[in-house]
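See below for the structure under consideration.
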Amino acid sequence: MKIQKEIIAFDKGKSFKLFSPSLKNCFFWHYHPEIELVYVEANNGIRHVGKDISAFTESDLLLIGSNVPHLNFDYGIQTECKQLVLQMRENFLQDIILPVPEFESIRNLLERSYLGLSFSGETKKIIVEKLQAMKEKNSFSSLIGLIEILQVLADSTDVKELNKEDTRIKWFLNDKIRMGTIYDYIHENHDRKPNVNEIAKIVSLSTPAFCRYFKKQTNMTFTDFVNNYRINQAKIFLLKDYSVTEVCFQVGFESLSYFNKLFKQHTGETPSEFKKKQFKPIEINGRIGIITKESSCNK
């Protein structure tokens with residue numbers, strides 16, 4: 001599926017919309033002129049914003065600027081996933097923020113959002129609570145709540161820029177290759193041996209041309225992307241209490257030592273450390289049991 005322009009409809013008299021989409025296995029590589037704030041909650045998943053392709057664990061909060069291509073954040077997630085999406089009208093920055101001198105820091109935030117901004121820590125916690133509260137408010141109170149949210153984000157230091165360059169749609173309009181085809185191929189073959197020659201042939205490119213194309217679009221080599229995808233899948237299996245050895249071969253690695261090394265490079269911890277952190281012992285009526293973050297969230 002080639003990149004699509006999403007047409008966003010707003011209710012009459014509303015400057016923004018707050019809703020909870022669910023696309024799941026739908027590959028929606030898209031853009032829109034509206035600035036978007038996304039909160040996604042899942043065991044883990046992949047975010048693809050502009051040229052950045054990275055993984056998140058447990059939850060993520062992102063501010064995505066106007067016309068920045070991005071993939072729906074629940075794509076490929078097989079476990080429970082919750083989302084809150086807030087989209088501002090195309091003229092929100094120009095008509096509401098720019099004319100007010102007191103909103104200077106918010107203006108700077110929204111103008112910088114074309115890089116894709118990921119927020120963590122206390123900022124994420126505060127924003128999620130405010131987004132939940134907005135759902136119960138009337139139109140005016142909700143607008144004030146949105147301004148408060150933007151001010152918190154503007155003042156936050158818990159922020160990471162996902163891209164180092166402008167990746168707005170002008171860089172992707174000439175893309176004739178179907179990124180959805182590539183994603184689907186990797187999803188279907190990551191546990192075997194994805195072959196760069198094979199996928200290049202599928203999208204009608206020579207292997208060298210495909211490698212150049214893929215690196216330009218994602219800032220990653222095909223091999224690095226496949227390994228990144230495998231690590232992300234490995235986290236899911238570890239959360240399901242598979243052994244490290246089982247997970248290693250389940251996601252397509254042939255060497256346990258290489259899997260351990262690569263997992264630590266990607267996450268900062270070994271698979272065993274990751275799993276141990278997710279599972280903690282509890283005492284129930286004098287007996288020791290195990291509870292996971294996954295199971296506790298579902299209660």
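Ordering of the structure tokens sets the chain letters (A, B, ...); residue numbers start at 1 within each chain; ligands are numbered from 1 in the order shown.
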Using only C-alpha atoms, which residues of range 180-239 of chain A come within 8 Å of range 264-278 of chain A, and what is the closest atom pair for each, with the distance in Å to one decimal? Give it as JSON lines, sorted by chain and residue number.
```
{"residue": "A:Asn228", "atom": "CA", "partner": "A:His266", "partner_atom": "CA", "distance": 7.6}
{"residue": "A:Ile231", "atom": "CA", "partner": "A:His266", "partner_atom": "CA", "distance": 7.7}
{"residue": "A:Leu238", "atom": "CA", "partner": "A:Lys275", "partner_atom": "CA", "distance": 5.9}
{"residue": "A:Leu239", "atom": "CA", "partner": "A:Lys275", "partner_atom": "CA", "distance": 6.7}
```
Requested write-out: N, CA and C atoms of the selected residues, as an mmCIF file, in the first residue's frame:
```
data_model
loop_
_atom_site.group_PDB
_atom_site.id
_atom_site.type_symbol
_atom_site.label_atom_id
_atom_site.label_comp_id
_atom_site.auth_asym_id
_atom_site.auth_seq_id
_atom_site.Cartn_x
_atom_site.Cartn_y
_atom_site.Cartn_z
ATOM 1 N N ASN A 228 15.576 -5.652 14.043
ATOM 2 C CA ASN A 228 14.782 -4.809 14.928
ATOM 3 C C ASN A 228 13.376 -5.393 15.096
ATOM 4 N N ILE A 231 13.543 -8.513 17.332
ATOM 5 C CA ILE A 231 13.681 -8.176 18.747
ATOM 6 C C ILE A 231 12.333 -7.752 19.316
ATOM 7 N N LEU A 238 8.590 -13.249 25.220
ATOM 8 C CA LEU A 238 9.124 -13.242 26.588
ATOM 9 C C LEU A 238 8.026 -12.858 27.580
ATOM 10 N N LEU A 239 7.160 -11.937 27.188
ATOM 11 C CA LEU A 239 6.050 -11.529 28.050
ATOM 12 C C LEU A 239 5.025 -12.646 28.211
#
```
Residues flagged alpha helix (DSSP H) by DSSP in range 168-226 of chain A, as a count of residues only:
35
Would you mind reading off the distance between CA of Ser113 in chain A and CA of Asp224 in chain A, one decimal, in Å?
26.5 Å
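When DSSP reads the backbone of this structure, the residues of range 56-146 of chain A it assigns to strand (DSSP E or B) are Phe56, Thr57, Glu58, Ser59, Asp60, Leu61, Leu62, Leu63, Ile64, His70, Leu71, Cys81, Lys82, Gln83, Leu84, Val85, Leu86, Gln87, Met88, Leu117, Ser118 and Phe119 of chain A.
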Taking into account only C-alpha atoms, which residue in the set A:Leu150, A:Asn108, A:Val226, A:Leu162 is nearest to Tyr185 in chain A?
A:Val226
Would you pick out the contacts of range 26-35 of chain A at 10 Å or less, using only C-alpha atoms, so that residues sharing its chain but fewer than 2 positions from it are not included, and give the list as number ranges by chain?
A: 1-8, 16, 22-24, 37, 48-50, 63-76, 86-93, 110-111, 113-114, 168-169, 178-181, 183-184
How many Å lie between CA of Phe253 in chain A and CA of His190 in chain A, rounded to one decimal?
9.2 Å
Point-to-point distance in Å for CA of Ile182 in chain A and CA of Leu205 in chain A:
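We find that CA of Leu205 in chain A and CA of Ile182 in chain A lie 12.3 Å from each other.
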Fewer than 4 positions away in the same chain doesn't count, so skip those; otherwise give me all residues within 12 Å of range 117-124 of chain A, counting only C-alpha atoms, as a ChimeraX atom specification.
/A:35-41,47-50,52,54-65,68,109-113,128-131,149-164
With only C-alpha atoms as the counted atoms, please give the residues lying no more than 12 Å from Asn195 in chain A, apart from itself and same-chain residues fewer than 3 positions off, as an MDAnalysis selection string.
chainID A and resid 182 185:186 188:192 198:202 207 210:211 222:223 226
Who sits within 12 Å of Ser139 in chain A, only C-alpha atoms, same chain under 6 positions skipped, as a PDB file with N, CA and C atoms, in the first residue's frame:
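As a result, out.pdb now contains:
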```pdb
ATOM      1  N   ASP A  11     -16.239  17.649  13.986  1.00  0.00           N
ATOM      2  CA  ASP A  11     -17.596  18.074  14.286  1.00  0.00           C
ATOM      3  C   ASP A  11     -17.699  19.592  14.162  1.00  0.00           C
ATOM      4  N   LYS A  12     -18.844  20.064  13.765  1.00  0.00           N
ATOM      5  CA  LYS A  12     -19.067  21.499  13.615  1.00  0.00           C
ATOM      6  C   LYS A  12     -18.842  22.204  14.950  1.00  0.00           C
ATOM      7  N   GLY A  13     -18.101  23.307  14.885  1.00  0.00           N
ATOM      8  CA  GLY A  13     -17.829  24.073  16.095  1.00  0.00           C
ATOM      9  C   GLY A  13     -16.737  23.513  16.973  1.00  0.00           C
ATOM     10  N   LYS A  14     -15.989  22.529  16.465  1.00  0.00           N
ATOM     11  CA  LYS A  14     -14.908  21.910  17.233  1.00  0.00           C
ATOM     12  C   LYS A  14     -13.560  22.223  16.600  1.00  0.00           C
ATOM     13  N   SER A  15     -12.586  22.580  17.435  1.00  0.00           N
ATOM     14  CA  SER A  15     -11.233  22.866  16.958  1.00  0.00           C
ATOM     15  C   SER A  15     -10.358  21.627  16.920  1.00  0.00           C
ATOM     16  N   PHE A  16     -10.818  20.563  17.550  1.00  0.00           N
ATOM     17  CA  PHE A  16     -10.037  19.328  17.622  1.00  0.00           C
ATOM     18  C   PHE A  16     -10.982  18.168  17.843  1.00  0.00           C
ATOM     19  N   LYS A  17     -10.436  16.943  17.721  1.00  0.00           N
ATOM     20  CA  LYS A  17     -11.213  15.748  18.022  1.00  0.00           C
ATOM     21  C   LYS A  17     -10.363  14.795  18.840  1.00  0.00           C
ATOM     22  N   LEU A  18     -11.008  14.103  19.777  1.00  0.00           N
ATOM     23  CA  LEU A  18     -10.342  13.132  20.646  1.00  0.00           C
ATOM     24  C   LEU A  18     -11.094  11.814  20.521  1.00  0.00           C
ATOM     25  N   GLY A 145      -8.441  22.487  28.434  1.00  0.00           N
ATOM     26  CA  GLY A 145      -7.632  21.310  28.771  1.00  0.00           C
ATOM     27  C   GLY A 145      -6.565  21.037  27.722  1.00  0.00           C
ATOM     28  N   LEU A 146      -6.907  21.237  26.459  1.00  0.00           N
ATOM     29  CA  LEU A 146      -5.931  21.039  25.384  1.00  0.00           C
ATOM     30  C   LEU A 146      -4.786  22.043  25.498  1.00  0.00           C
TER      31      LEU A 146
END
```
For Phe237 in chain A, the nearest of the candidates A:Ala209, A:Asn44, A:Ser257, A:Pro194, counting only C-alpha atoms:
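Ranked by minimum distance to Phe237 in chain A, first place goes to A:Asn44.
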Using only C-alpha atoms, which protein or nucleic acid residues come within 9 Å of Ile97 in chain A? Drop anything in the same chain fewer than 6 positions from it, and give the result as a PyMOL selection string.
chain A and resi 103-104+106-107
